[in-house]
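Structure first, commentary second.
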4 protein chains.
Amino acid sequence: MEIFEQMESVVRGYIRSFPTLFTQARDHRLWNHEGRVFQDFFAGAGALNYGHNNPTLKQHLIDYLNQDGIGHALDMGTAAKAHFLRTFRDRILHPRGMDYKVQFTGPTGTNAVEAALKLARKVTGRQTVVAFTNAFHGMTLGSLALTGNSEKRNGAGVPLDHVLRLPFENHGPFDGLAYLASLLADPSSGVSLPAAVIIETIQAEGGVNVASEAWLQQLQALCRQHDILLLIDDIQVGCGRTGSFFSFESAGIQPDMIMLSKSISGFGLPMALLLIQPQHDIWRPGEHNGTFRGNNWAFVTAAAALETYWADDHFSRAVQAKSETLRTALQGLVDTHPDLLHDVRGKGLILGLRFKEAAHAGQAAAALFERGYVIETAGPHDEVLKFLPPLVIENAVLEAVVRDLDPILHHLKRAAPALV
Amino acid sequence: MEIFEQMESVVRGYIRSFPTLFTQARDHRLWNHEGRVFQDFFAGAGALNYGHNNPTLKQHLIDYLNQDGIGHALDMGTAAKAHFLRTFRDRILHPRGMDYKVQFTGPTGTNAVEAALKLARKVTGRQTVVAFTNAFHGMTLGSLALTGNSEKRNGAGVPLDHVLRLPFENHGPFDGLAYLASLLADPSSGVSLPAAVIIETIQAEGGVNVASEAWLQQLQALCRQHDILLLIDDIQVGCGRTGSFFSFESAGIQPDMIMLSKSISGFGLPMALLLIQPQHDIWRPGEHNGTFRGNNWAFVTAAAALETYWADDHFSRAVQAKSETLRTALQGLVDTHPDLLHDVRGKGLILGLRFKEAAHAGQAAAALFERGYVIETAGPHDEVLKFLPPLVIENAVLEAVVRDLDPILHHLKRAAPALV
Amino acid sequence: MEIFEQMESVVRGYIRSFPTLFTQARDHRLWNHEGRVFQDFFAGAGALNYGHNNPTLKQHLIDYLNQDGIGHALDMGTAAKAHFLRTFRDRILHPRGMDYKVQFTGPTGTNAVEAALKLARKVTGRQTVVAFTNAFHGMTLGSLALTGNSEKRNGAGVPLDHVLRLPFENHGPFDGLAYLASLLADPSSGVSLPAAVIIETIQAEGGVNVASEAWLQQLQALCRQHDILLLIDDIQVGCGRTGSFFSFESAGIQPDMIMLSKSISGFGLPMALLLIQPQHDIWRPGEHNGTFRGNNWAFVTAAAALETYWADDHFSRAVQAKSETLRTALQGLVDTHPDLLHDVRGKGLILGLRFKEAAHAGQAAAALFERGYVIETAGPHDEVLKFLPPLVIENAVLEAVVRDLDPILHHLKRAAPALV
Amino acid sequence: MEIFEQMESVVRGYIRSFPTLFTQARDHRLWNHEGRVFQDFFAGAGALNYGHNNPTLKQHLIDYLNQDGIGHALDMGTAAKAHFLRTFRDRILHPRGMDYKVQFTGPTGTNAVEAALKLARKVTGRQTVVAFTNAFHGMTLGSLALTGNSEKRNGAGVPLDHVLRLPFENHGPFDGLAYLASLLADPSSGVSLPAAVIIETIQAEGGVNVASEAWLQQLQALCRQHDILLLIDDIQVGCGRTGSFFSFESAGIQPDMIMLSKSISGFGLPMALLLIQPQHDIWRPGEHNGTFRGNNWAFVTAAAALETYWADDHFSRAVQAKSETLRTALQGLVDTHPDLLHDVRGKGLILGLRFKEAAHAGQAAAALFERGYVIETAGPHDEVLKFLPPLVIENAVLEAVVRDLDPILHHLKRAAPALV
């Protein structure tokens with residue numbers, strides 16, 4: 001481990017939360033160099049919905065490598081990309097009655113967000129974009145301006161402009177949508193008509209805050225009324241995380257653009273997409289580009305993931321069932337420890353346990369790591385223990401983590417006075 | 001091919017220059033779906049210095065996959081990353097007497113640039129960054145502000161601030177460094193002390209403009225005198241492109257930060273690094289992050305590439321020899337067609353043939369594609385035919401492209417009047 | 001009048017609302033070139049609280065001119081300025097227990113606002129300033145960013161940055177102060193700690209919106225809690241307009257800075273002040289300057305005005321009595337015309353009659369002009385008829401305007417269907 | 001004097017350079033409270049071209065006051081304004097073949113500059129404005145972004161954007177106009193097409209730097225070629241300062257907009273104008289406004305000044321003759337003290353004596369103050385002693401100041417070693 005201390009920048013983070021040397025991983029399990037196994041409730045920050053080294057996807061990848069399939073190809077035409085596009089159309093878009101053009105951006109979520117910002121500003125000729133309290137959209141300058149976290153924002157070193165911040169649903173007693181409506185109705189409000197609203201339907205980093213279907217519908221209606229584009233950042237909670245492929249399906253909304261990344265390749269390979277309603281696809285060729293936007297290995301595993309998991313609704317229903325299992329178990333903890341725990345929050349397999357004392361969440365995560373779980377906290381004060389397992393996790397593991405958490409909570413309770 | 005027309009955003013670019021369906025690739029060759037072979041003078045925009053599906057690197061990758069090596073791991077500690085860090089230290093940094101901390105940013109060049117901008121602003125407490133005419137540093141908002149191309153800049157849809165633009169060496173008759181010095185000496189110049197200067201030692205997109213060693217040394221001296229950080233964007237011309245691992249080795253300068261991406265993984269897998277002089281490594285943990293910053297498959301091939309090609313100077317000398325071969329052949333074309341061609345420019349295996357009539361360069365590239373070459377143009381008016389082959393290309397192919405270009409030039413000359 | 005059409009920019013405004021050629025003015029009366037008299041309910045947009053050509057002040061000015069008193073002196077030391085400072089201290093600050101340093105900025109309100117912005121940013125080292133919906137703070141770039149009116153904002157032609165917009169009291173159902181508190185309490189709110197809050201206690205251009213004393217106290221408490229500076233723009237409603245010299249006296253708050261202009265010279269001569277709590281007076285000499293910041297003729301009339309009207313509370317009580325007279329009469333109109341009129345709003349001698357149909361307010365103003373009154377509208381939709389007479393106006397005129405307005409309202413009511 | 005210490009902000013400046021209490025002033029003389037006379041080589045920073053309390057202008061002002069002429073009238077139509085417009089047209093514009101619309105902005109130079117910036121951006125739909133090294137255009141945020149002085153710029157506390165800085169003529173060895181031309185010709189230069197260029201033909205604060213006629217013509221040609229507006233800031237060197245009414249008359253250029261302030265009222269009363277070529281006068285009514293834009297007392301003295309001094313060329317020729325007298329005398333000093341003095345610079349009655357050692361200029365100014373002269377320094381290092389007398393000054397005083405300066409220079413020379 002000294003090599004990291006010696007050679008890697010102090011910016012490194014997760015190695016501090018999970019201080020061990022990982023070597024192998026499979027499905028929902030990781031192993032360290034001593035052969036110790038860890039159960040994964042982190043899923044590569046949402047990039048491993050189908051698990052580590054998913055065997056089916058891995059086989060497709062190795063086969064492609066063995067036949068010297070073209071790997072790095074920018075936005076040249078390739079057979080692997082054509083196959084992905086057809087599969088995405090047939091397995092995802094068409095069955096949902098969705099009509100979108102696909103832009104392959106640089107293979108990171110923030111790159112898809114930056115592309116969406118540019119296009120929304122170009123389409124509307126406006127500059128301001130609405131973002132919400134506790135939002136997380138990435139670390140490059142355009143995305144960072146949308147992000148809420150003050151530590152990350154301060155890193156910019158320059159002002160972060162062209163963003164109108166509104167309260168997310170249930171952020172305090174304020175009705176952010178009514179406020180936006182009142183600003184737009186008043187020509188002297190000092191707020192100009194925005195180009196777009198960008199939103200995560202569930203704020204993951206923000207503390208597992210779920211926007212209700214009604215609120216999302218109301219937001220879309222307000223956007224339509226004022227000709228504002230609605231952009232859904234489904235980077236963390238898309239690709240099946242909530243039980244459906246897109247997180248917003250149950251709300252019945254039709255975003256103008258959708259950002260996907262993290263689990264879209266299925267295998268953890270870098271890949272990102274921007275889905276664009278056809279009337280907004282007014283780019284000039286090459287106006288936004290990027291060296292790694294043609295990661296064909298990722299296209300191969302992405303297509304295989306869609307074929308494997310999204311040809312019918314088995315996978316989707318399994319996720320919902322597991323969600324129910326985990327939620328019920330977590331709710332049991334809340335009932336048992338009402339003095340420590342606020343509530344269970346989330347949807348599908350992104351569930352949060354909100355602590356009343358922020359420090360307890362971090363202590364619980366650390367204690368779970370000692371017991372062989374990889375799990376992290378979220379929320380403005382890191383007060384939420386975030387359960388984000390690979391979707392292929394087994395019920396037994398879901399039950400085990402809750403069983404192991406119970407004595408930790410008991411211990412925290414006893415230790416509480418000492419902490420003060 | 002219709003699937004691209006139907007489903008992919010109009011932003012797609014290279015498929016227009018190279019209108020065929022590629023399926024496989026190996027070393028410096030690509031094949032389309034009909035089995036036709038193309039010789040590669042593009043190298044994935046510089047990401048494939050060791051060729052497509054490099055057999056040695058591929059074997060390392062397949063082995064790692066087969067043993068379920070951990071793939072996607074953010075900045076957790078992994079054996080693959082530790083191995084890469086040791087190899088990078090032992091094969092690259094130590095032999096060159098270089099002492100740098102390594103930051104693994106999101107796996108795209110623009111992400112490394114954005115990280116460097118943040119850190120330079122944090123270290124100095126200043127905001128302005130000097131960038132040069134015809135620079136290219138990426139497409140996200142911070143990097144785009146540094147980039148020169150007006151089409152790409154207009155895509156931002158918001159002002160691009162906090163950048164002082166200076167003429168690159170030999171951009172017109174202006175001595176940009178003397179100008180900068182005069183601005184800094186005058187407290188009423190209206191220009192504040194910059195945080196940093198960012199520069200590509202060879203502007204690739206900008207038209208294969210080479211900064212001389214003397215000019216780079218003078219730039220470093222000016223930076224040191226005013227406590228301005230010197231950032232080298234070696235994303236396209238590092239990793240051996242110019243014959244040495246870093247492009248600036250012969251100039252003997254010690255940049256404060258260095259950005260690497262494109263060919264650093266060796267295999268075309270997305271990966272990017274920011275090298276930081278230790279005294280500047282003042283990040284707080286997690287202050288800049290990114291989901292795909294731990295692409296361990298890339299670390300595996302990256303370490304293998306360093307072991308294979310940089311354990312001694314054979315590879316380096318081979319690149320220089322090939323450069324000589326290609327440059328001599330291209331110079332022959334200039335001598336034969338002085339009415340069409342300006343000069344040969346570049347270094348190592350990034351060489352440019354500058355046309356007097358910009359349109360001719362594009363016509364030559366298109367004609368070469370018909371003859372089985374993948375090659376593109378560069379420069380503010382796309383007036384430069386850019387030869388950027390995989391470094392493992394064979395001399396015979398270097399000679400063949402020049403041989404095939406000659407009749408094209410003859411044809412252009414004859415056609416010229418008709419073009420007017 | 002053709003000379004204006006021929007030579008003056010189309011930007012001219014009031015000449016369109018009051019289309020006649022004015023030649024003379026005295027107290028609350030203006031005369032046009034045909035000798036027709038107009039009663040003034042506009043008071044030079046608040047710059048003529050003591051009336052046009054106030055005889056006492058005029059005599060001081062003529063005496064000073066006759067003795068060749070120094071007129072234009074920048075910020076040199078002059079006897080006239082010393083006299084003003086002593087008078088301002090003895091008649092205004094000391095009796096109110098206020099301790100402020102006085103900065104003589106360029107002689108316009110917007111210049112005082114720009115100075116306050118600079119100083120607040122310098123004192124705190126922060127950039128964002130909170131401004132309110134419907135605010136008006138001036139037309140230069142810094143002040144314009146604070147201003148709400150979208151037509152005026154669009155004139156900037158560049159983004160207006162570094163401002164956080166909050167709803168003014170009673171602007172919609174949203175509690176702006178609670179919202180600000182929640183943003184500041186949440187480190188991931190995406191809103192950084194502001195340098196300052198700037199507010200008009202009564203928004204004049206914004207539609208005669210009055211902030212309550214309780215709300216101002218709550219605002220000050222929130223500012224103090226977070227070390228945010230509180231800046232009061234008393235340019236239009238200071239200098240006795242509300243009955244007390246400063247508009248906020250009854251709220252018992254102590255702003256960090258106060259901007260005065262418009263009626264501070266007493267005579268309509270350009271003059272502006274920034275009052276600064278001593279601990280914030282950290283300017284370097286000359287850091288903010290301006291050619292006309294030493295308008296000594298204005299200092300002469302300003303001191304005379306303070307001596308004449310603020311040596312005791314007669315003037316103040318007279319304003320309050322006149323306010324009561326006008327308010328009662330206006331309320332009578334509201335009671336008589338509930339279908340046309342919303343309410344009477346305002347304080348002291350800035351009173352607004354809010355119409356239910358915005359167009360009616362403008363029609364009433366135009367009809368009053370035909371009957372010999374100079375009066376204008378305000379509010380986001382110009383829906384408020386704004387009564388802003390010189391404070392020296394006589395009760396008879398206050399009653400006359402209401403008497404003359406009544407038949408106009410009757411006429412508007414009858415005409416209403418035809419208007420649709 | 002203690003009242004200033006006690007009550008006035010530390011931002012005060014000139015009272016430190018000229019530490020006495022002034023009471024009266026007439027023509028080119030000021031008196032302090034002890035009756036001591038000072039000769040004026042400062043002219044209210046250029047606002048008193050016709051001298052203090054000019055008797056002719058003063059009589060017009062007193063007459064107007066005595067007849068209760070309307071004083072403060074915003075942009076209502078008034079007889080005084082109509083008279084000024086006719087006089088300005090007949091005495092200034094028409095004789096010079098100039099066709100401009102007149103905008104009465106807020107009565108300070110910076111306000112006219114801010115209006116020009118807005119209008120130039122509106123006319124062109126672009127944002128960037130070119131400004132020059134050592135420029136001074138004012139202290140409000142838009143103007144400050146154009147200003148060069150770093151101390152003043154730092155006062156902003158926020159980034160100063162949307163400006164492209166170029167070297168003024170003879171600022172270093174760099175040809176700014178050729179550089180601008182090369183940037184505009186290169187679509188990858190990273191510099192977008194500016195909306196406008198703003199320039200002082202003689203930089204007064206910047207150190208009395210004179211742009212040559214040829215350079216101004218070349219600048220206009222470049223602007224016309226690229227459809228960039230040319231804005232002349234004639235605030236300090238217009239109104240006869242250089243011998244002609246506008247400073248650029250001898251260059252034969254036709255700016256798109258011209259800013260006037262300082263001496264336009266003739267009497268030192270605040271007033272400012274923006275002159276606009278008719279095709280650019282596309283404001284909407286009231287789009288830029290300001291409370292004191294209708295200072296009718298200033299219009300009265302302004303018209304009187306034009307009638308008195310610009311009905312024929314006597315005044316103009318007198319200024320040129322005085323200039324010759326002063327320049328010859330100053331050149332004699334340079335010839336006598338080549339070790340101390342660089343050169344004489346300037347035109348008309350703005351002449352600068354540039355010292356080799358910056359500190360000497362300040363010492364000379366202080367020594368002259370002790371001998372009864374009001375004079376200040378300019379230039380990036382305050383290395384230029386700036387002679388800016390009222391234009392009505394007598395030859396004897398011009399000769400006297402040079403005579404009195406000679407022994408001071410001798411003394412500085414002898415003292416020099418001691419200063420080190």
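Ordering of the structure tokens sets the chain letters (A, B, ...), residue numbers begin anew at 1 in every chain, and ligands are numbered from 1 in the order given.
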
Once you count only C-alpha atoms, what closest atom pair and distance in Å to one decimal does each residue of chain C within 9 Å of chain A have, with rows by chain and rising residue number, as JSON lines?
{"residue": "C:Gln127", "atom": "CA", "partner": "A:Pro159", "partner_atom": "CA", "distance": 8.4}
{"residue": "C:Ala131", "atom": "CA", "partner": "A:Gly190", "partner_atom": "CA", "distance": 8.7}
{"residue": "C:Phe132", "atom": "CA", "partner": "A:Ser189", "partner_atom": "CA", "distance": 7.7}
{"residue": "C:Thr133", "atom": "CA", "partner": "A:Ser189", "partner_atom": "CA", "distance": 4.3}
{"residue": "C:Asn134", "atom": "CA", "partner": "A:Ser188", "partner_atom": "CA", "distance": 4.9}
{"residue": "C:Ala135", "atom": "CA", "partner": "A:Ser188", "partner_atom": "CA", "distance": 7.7}
{"residue": "C:Ala145", "atom": "CA", "partner": "A:Gly190", "partner_atom": "CA", "distance": 8.2}
{"residue": "C:Leu146", "atom": "CA", "partner": "A:Gly190", "partner_atom": "CA", "distance": 7.6}
{"residue": "C:Thr147", "atom": "CA", "partner": "A:Gly190", "partner_atom": "CA", "distance": 6.3}
{"residue": "C:Gly148", "atom": "CA", "partner": "A:Gly190", "partner_atom": "CA", "distance": 3.5}
{"residue": "C:Asn149", "atom": "CA", "partner": "A:Ser188", "partner_atom": "CA", "distance": 3.8}
{"residue": "C:Ser150", "atom": "CA", "partner": "A:Ser188", "partner_atom": "CA", "distance": 5.5}
{"residue": "C:Glu151", "atom": "CA", "partner": "A:Pro187", "partner_atom": "CA", "distance": 8.0}
{"residue": "C:Arg153", "atom": "CA", "partner": "A:Gly190", "partner_atom": "CA", "distance": 7.7}
{"residue": "C:Asn154", "atom": "CA", "partner": "A:Ser192", "partner_atom": "CA", "distance": 8.9}
{"residue": "C:Pro159", "atom": "CA", "partner": "A:His162", "partner_atom": "CA", "distance": 7.9}
{"residue": "C:Leu160", "atom": "CA", "partner": "A:His162", "partner_atom": "CA", "distance": 8.9}
{"residue": "C:Asp161", "atom": "CA", "partner": "A:Asp161", "partner_atom": "CA", "distance": 6.6}
{"residue": "C:His162", "atom": "CA", "partner": "A:Asp161", "partner_atom": "CA", "distance": 7.6}
{"residue": "C:Leu164", "atom": "CA", "partner": "A:Leu164", "partner_atom": "CA", "distance": 8.5}
{"residue": "C:Arg165", "atom": "CA", "partner": "A:Gly190", "partner_atom": "CA", "distance": 6.9}
{"residue": "C:Leu166", "atom": "CA", "partner": "A:Ser189", "partner_atom": "CA", "distance": 8.9}
{"residue": "C:Pro167", "atom": "CA", "partner": "A:Ser189", "partner_atom": "CA", "distance": 8.1}
{"residue": "C:His171", "atom": "CA", "partner": "A:Ser182", "partner_atom": "CA", "distance": 8.3}
{"residue": "C:Gly172", "atom": "CA", "partner": "A:Ser182", "partner_atom": "CA", "distance": 6.7}
{"residue": "C:Pro173", "atom": "CA", "partner": "A:Tyr179", "partner_atom": "CA", "distance": 8.0}
{"residue": "C:Phe174", "atom": "CA", "partner": "A:Phe174", "partner_atom": "CA", "distance": 6.7}
{"residue": "C:Asp175", "atom": "CA", "partner": "A:Phe174", "partner_atom": "CA", "distance": 7.8}
{"residue": "C:Ala178", "atom": "CA", "partner": "A:Phe174", "partner_atom": "CA", "distance": 8.8}
{"residue": "C:Tyr179", "atom": "CA", "partner": "A:Phe174", "partner_atom": "CA", "distance": 7.1}
{"residue": "C:Ser182", "atom": "CA", "partner": "A:Gly172", "partner_atom": "CA", "distance": 6.9}
{"residue": "C:Leu183", "atom": "CA", "partner": "A:Thr133", "partner_atom": "CA", "distance": 8.0}
{"residue": "C:Asp186", "atom": "CA", "partner": "A:Pro380", "partner_atom": "CA", "distance": 6.5}
{"residue": "C:Pro187", "atom": "CA", "partner": "A:Ser150", "partner_atom": "CA", "distance": 5.6}
{"residue": "C:Ser188", "atom": "CA", "partner": "A:Asn149", "partner_atom": "CA", "distance": 3.8}
{"residue": "C:Ser189", "atom": "CA", "partner": "A:Thr133", "partner_atom": "CA", "distance": 4.3}
{"residue": "C:Gly190", "atom": "CA", "partner": "A:Gly148", "partner_atom": "CA", "distance": 3.5}
{"residue": "C:Val191", "atom": "CA", "partner": "A:Gly148", "partner_atom": "CA", "distance": 7.3}
{"residue": "C:Ser192", "atom": "CA", "partner": "A:Ser150", "partner_atom": "CA", "distance": 7.1}
{"residue": "C:Gly206", "atom": "CA", "partner": "A:Ser188", "partner_atom": "CA", "distance": 7.5}
{"residue": "C:Gly379", "atom": "CA", "partner": "A:Ser188", "partner_atom": "CA", "distance": 8.1}
{"residue": "C:Pro380", "atom": "CA", "partner": "A:Ser188", "partner_atom": "CA", "distance": 5.2}
{"residue": "C:His381", "atom": "CA", "partner": "A:Pro187", "partner_atom": "CA", "distance": 7.6}

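Between chain B and chain D, which have the same sequence, the C-alpha root-mean-square deviation after superposition works out to 0.1 Å.
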
Point-to-point distance in Å for atom CA of Val300 of chain D and atom CA of Leu61 of chain D: 6.6 Å

Strand (DSSP E) residues, from DSSP on the backbone, in segment 204-264 of chain D, as an MDAnalysis selection string: chainID D and resid 209:210 229:233 257:260

Taking the DSSP assignment computed from this structure's backbone, write out as a PyMOL selection string all residues of segment 100-235 of chain B that belong to helix (DSSP H, G or I). chain B and resi 109-124+141-146+150-154+176-185+213-226

Just the residues within 8 Å of Val102 of chain D, please, counting only C-alpha atoms, with nothing from its chain fewer than 4 positions along; format it as a short mmCIF file (atom, residue, chain, number, x, y, z; two decimals) with N, CA, C and O atoms, in the first residue's frame.
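File written: result-v8.cif
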data_model
loop_
_atom_site.label_atom_id
_atom_site.label_comp_id
_atom_site.auth_asym_id
_atom_site.auth_seq_id
_atom_site.Cartn_x
_atom_site.Cartn_y
_atom_site.Cartn_z
N MET C 7 -32.50 65.21 -33.03
CA MET C 7 -31.14 65.13 -32.48
C MET C 7 -30.99 64.17 -31.30
O MET C 7 -29.88 63.74 -31.01
N GLU C 8 -32.06 63.90 -30.57
CA GLU C 8 -31.86 63.11 -29.35
C GLU C 8 -32.10 61.63 -29.64
O GLU C 8 -33.00 61.27 -30.41
N SER C 9 -31.33 60.81 -29.01
CA SER C 9 -31.46 59.36 -29.21
C SER C 9 -32.88 58.88 -28.91
O SER C 9 -33.57 59.43 -28.04
N LEU D 273 -22.43 62.89 -22.33
CA LEU D 273 -23.14 62.63 -23.59
C LEU D 273 -22.57 61.39 -24.25
O LEU D 273 -21.37 61.13 -24.18
N LEU D 274 -23.44 60.68 -24.91
CA LEU D 274 -22.98 59.65 -25.85
C LEU D 274 -23.47 60.06 -27.23
O LEU D 274 -24.68 60.22 -27.44
N LEU D 275 -22.53 60.25 -28.15
CA LEU D 275 -22.88 60.56 -29.53
C LEU D 275 -22.91 59.25 -30.32
O LEU D 275 -21.98 58.43 -30.21
N ILE D 276 -23.97 59.07 -31.09
CA ILE D 276 -24.22 57.79 -31.75
C ILE D 276 -24.47 58.01 -33.24
O ILE D 276 -25.34 58.82 -33.59
#

As a ChimeraX atom specification, please: the residues near Thr242 of chain D (cut-off 7 Å, only C-alpha atoms, same-chain neighbours under 6 positions excluded). /D:347-350

Writing out the chosen residues with all heavy atoms as a compact mmCIF listing (two decimals), in the first residue's frame:
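Dumped everything to result_27.txt:
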# COMPACT_ATOMS: atom_id res chain seq x y z
N LYS D 347 -0.25 66.69 -26.44
CA LYS D 347 -0.80 67.45 -27.56
C LYS D 347 -1.72 68.51 -26.95
O LYS D 347 -2.36 68.29 -25.93
CB LYS D 347 -1.60 66.52 -28.45
CG LYS D 347 -2.01 67.10 -29.79
CD LYS D 347 -2.74 66.04 -30.61
CE LYS D 347 -3.40 66.67 -31.83
NZ LYS D 347 -4.30 65.74 -32.52
N GLY D 348 -1.78 69.67 -27.58
CA GLY D 348 -2.63 70.73 -27.04
C GLY D 348 -2.20 71.05 -25.62
O GLY D 348 -1.00 71.15 -25.35
N LEU D 349 -3.15 71.16 -24.73
CA LEU D 349 -2.78 71.49 -23.35
C LEU D 349 -2.91 70.28 -22.43
O LEU D 349 -3.27 70.40 -21.26
CB LEU D 349 -3.55 72.71 -22.84
CG LEU D 349 -2.93 74.03 -23.33
CD1 LEU D 349 -3.77 75.23 -22.92
CD2 LEU D 349 -1.48 74.20 -22.84
N ILE D 350 -2.61 69.12 -22.95
CA ILE D 350 -2.30 67.96 -22.10
C ILE D 350 -0.89 67.54 -22.46
O ILE D 350 -0.64 66.94 -23.50
CB ILE D 350 -3.32 66.81 -22.25
CG1 ILE D 350 -2.82 65.61 -21.44
CG2 ILE D 350 -3.59 66.44 -23.69
CD1 ILE D 350 -3.87 64.53 -21.23

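The spacing separating atom CA of Gly155 of chain C from atom CA of His137 of chain D amounts to 19.5 Å.
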
Computed gap from atom CA of Leu340 of chain A to atom CA of Val402 of chain A is 14.9 Å

Contacts of segment 301-306 of chain D within 10 Å, only C-alpha atoms, excl. fewer than 6 positions in-chain, as a PyMOL selection string: chain D and resi 50+54+56-61+64+80-88+90-92+239+245+263-269+271+312

Identify, on the basis of only C-alpha atoms, every residue whose closest approach to segment 286-296 of chain A does not exceed 6 Å; exclude the query and any residue fewer than 4 positions from it along the same chain; express the result as a PyMOL selection string. (chain A and resi 71-75+104-107) or (chain B and resi 11+13+152)
